[in-house]
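Visitor: My questions will all concern the structure given below.
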Amino acid sequence: MTELEKLKHLLEHWIEHNDAHVRTYEEWAEKADTLGRPDLARVLGQIADETGKLDDLLKKAINII
């Protein structure tokens with residue numbers, strides 16, 4: 001396996017890992033909202049959104065390879 005193949009594999013793994021984090025942040029945003037903390041829920045939602053944007057960059061890197 002070449003270094004670029006390894007990097008592509010890593011990028012694919014990072015996308016999966018990143019997606020899992022997005023789901024966790026969204027779950028906790030919902031919990032925070034349920035606990036009467038909409039302020040915290042909004043911030044966690046923003047974290048989920050920003051983390052999701054990383055997927056686009058990771059996919060872009062894969063396409064470059």
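Ordering of the structure tokens sets the chain letters (A, B, ...); residue numbers start at 1 within each chain; ligands are numbered from 1 in the order shown.
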Write out as a PyMOL selection string each polymer residue whose atoms come within 8 Å of Ile15 (chain A), counting only C-alpha atoms; drop sequence neighbours fewer than 6 positions from it.
Guide: chain A and resi 55+58-59
Visitor: Using only N, CA and C atoms, please write the residues we just selected to a file, as a PDB file, in the first residue's frame.
Guide:
ATOM      1  N   ASP A  55     -16.471  17.422   6.910  1.00  0.00           N
ATOM      2  CA  ASP A  55     -16.644  16.320   5.961  1.00  0.00           C
ATOM      3  C   ASP A  55     -16.377  16.780   4.531  1.00  0.00           C
ATOM      4  N   LEU A  58     -12.680  16.961   4.067  1.00  0.00           N
ATOM      5  CA  LEU A  58     -12.092  15.625   4.041  1.00  0.00           C
ATOM      6  C   LEU A  58     -12.386  14.935   2.708  1.00  0.00           C
ATOM      7  N   LYS A  59     -13.606  15.075   2.217  1.00  0.00           N
ATOM      8  CA  LYS A  59     -13.975  14.493   0.917  1.00  0.00           C
ATOM      9  C   LYS A  59     -13.214  15.172  -0.219  1.00  0.00           C
TER      10      LYS A  59
END
Visitor: Write out as a list in words which residues come within 9 Å of Gly45 (chain A) when counting only C-alpha atoms, dropping same-chain ones fewer than 5 positions away.
Guide: Val22, Tyr25, Glu26, Trp28, Ala29, Glu30, Leu40 and Glu50 of chain A
Visitor: Save out the residues we just selected, C-alpha atoms, as a PDB file, in the first residue's frame.
Guide:
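Written output follows (again-v5.pdb):
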ATOM      1  CA  VAL A  22     -21.783  15.042  14.714  1.00  0.00           C
ATOM      2  CA  TYR A  25     -23.274  16.569  19.449  1.00  0.00           C
ATOM      3  CA  GLU A  26     -26.800  16.590  18.008  1.00  0.00           C
ATOM      4  CA  TRP A  28     -26.591  16.247  23.410  1.00  0.00           C
ATOM      5  CA  ALA A  29     -28.064  19.379  21.878  1.00  0.00           C
ATOM      6  CA  GLU A  30     -31.492  17.741  22.085  1.00  0.00           C
ATOM      7  CA  LEU A  40     -26.431  25.329  25.385  1.00  0.00           C
ATOM      8  CA  GLU A  50     -19.222  23.126  11.998  1.00  0.00           C
TER       9      GLU A  50
END
Visitor: Name the residues in contact with Thr51 (chain A) at a cut-off of 9 Å, using only C-alpha atoms, excluding same-chain residues fewer than 5 positions from it; report them as a list of chain:residue names.
Guide: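 My list of contacting residues is A:Asn18, A:Asp19, A:His21, A:Val22, A:Gln46.
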Visitor: Those selected residues, please, written with N, CA and C atoms and delivered as a compact mmCIF listing (two decimals), in the first residue's frame.
Guide:
# COMPACT_ATOMS: atom_id res chain seq x y z
N ASN A 18 -15.81 11.42 12.22
CA ASN A 18 -16.38 12.76 12.29
C ASN A 18 -17.91 12.70 12.31
N ASP A 19 -18.47 11.84 11.47
CA ASP A 19 -19.93 11.68 11.43
C ASP A 19 -20.47 11.22 12.78
N HIS A 21 -19.19 11.87 15.67
CA HIS A 21 -19.15 13.02 16.57
C HIS A 21 -20.33 13.95 16.31
N VAL A 22 -20.65 14.17 15.05
CA VAL A 22 -21.78 15.04 14.71
C VAL A 22 -23.06 14.49 15.36
N GLN A 46 -24.43 24.29 16.86
CA GLN A 46 -23.42 24.95 16.03
C GLN A 46 -22.16 24.09 15.91
Visitor: Work out how far apart CA of Glu27 (chain A) and CA of Ile62 (chain A) are and give it in Å to one decimal.
Guide: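 We find that CA of Glu27 (chain A) and CA of Ile62 (chain A) lie 28.3 Å from each other.
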Visitor: By how many Å are CA of Lys8 (chain A) and CA of Asp56 (chain A) apart?
Guide: 14.4 Å
Visitor: For CA of Leu11 (chain A) and CA of Ala61 (chain A), quote the distance in Å rounded to one decimal.
Guide: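 Those two atoms sit 7.7 Å apart.
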Visitor: Would you mind telling me which residue in A:Leu10, A:Met1, A:Glu16, A:Arg23 lies nearest to Asp49 (chain A) when using only C-alpha atoms?
Guide: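 Ranking A:Leu10, A:Met1, A:Glu16, A:Arg23 by distance to Asp49 (chain A), first place goes to A:Arg23.
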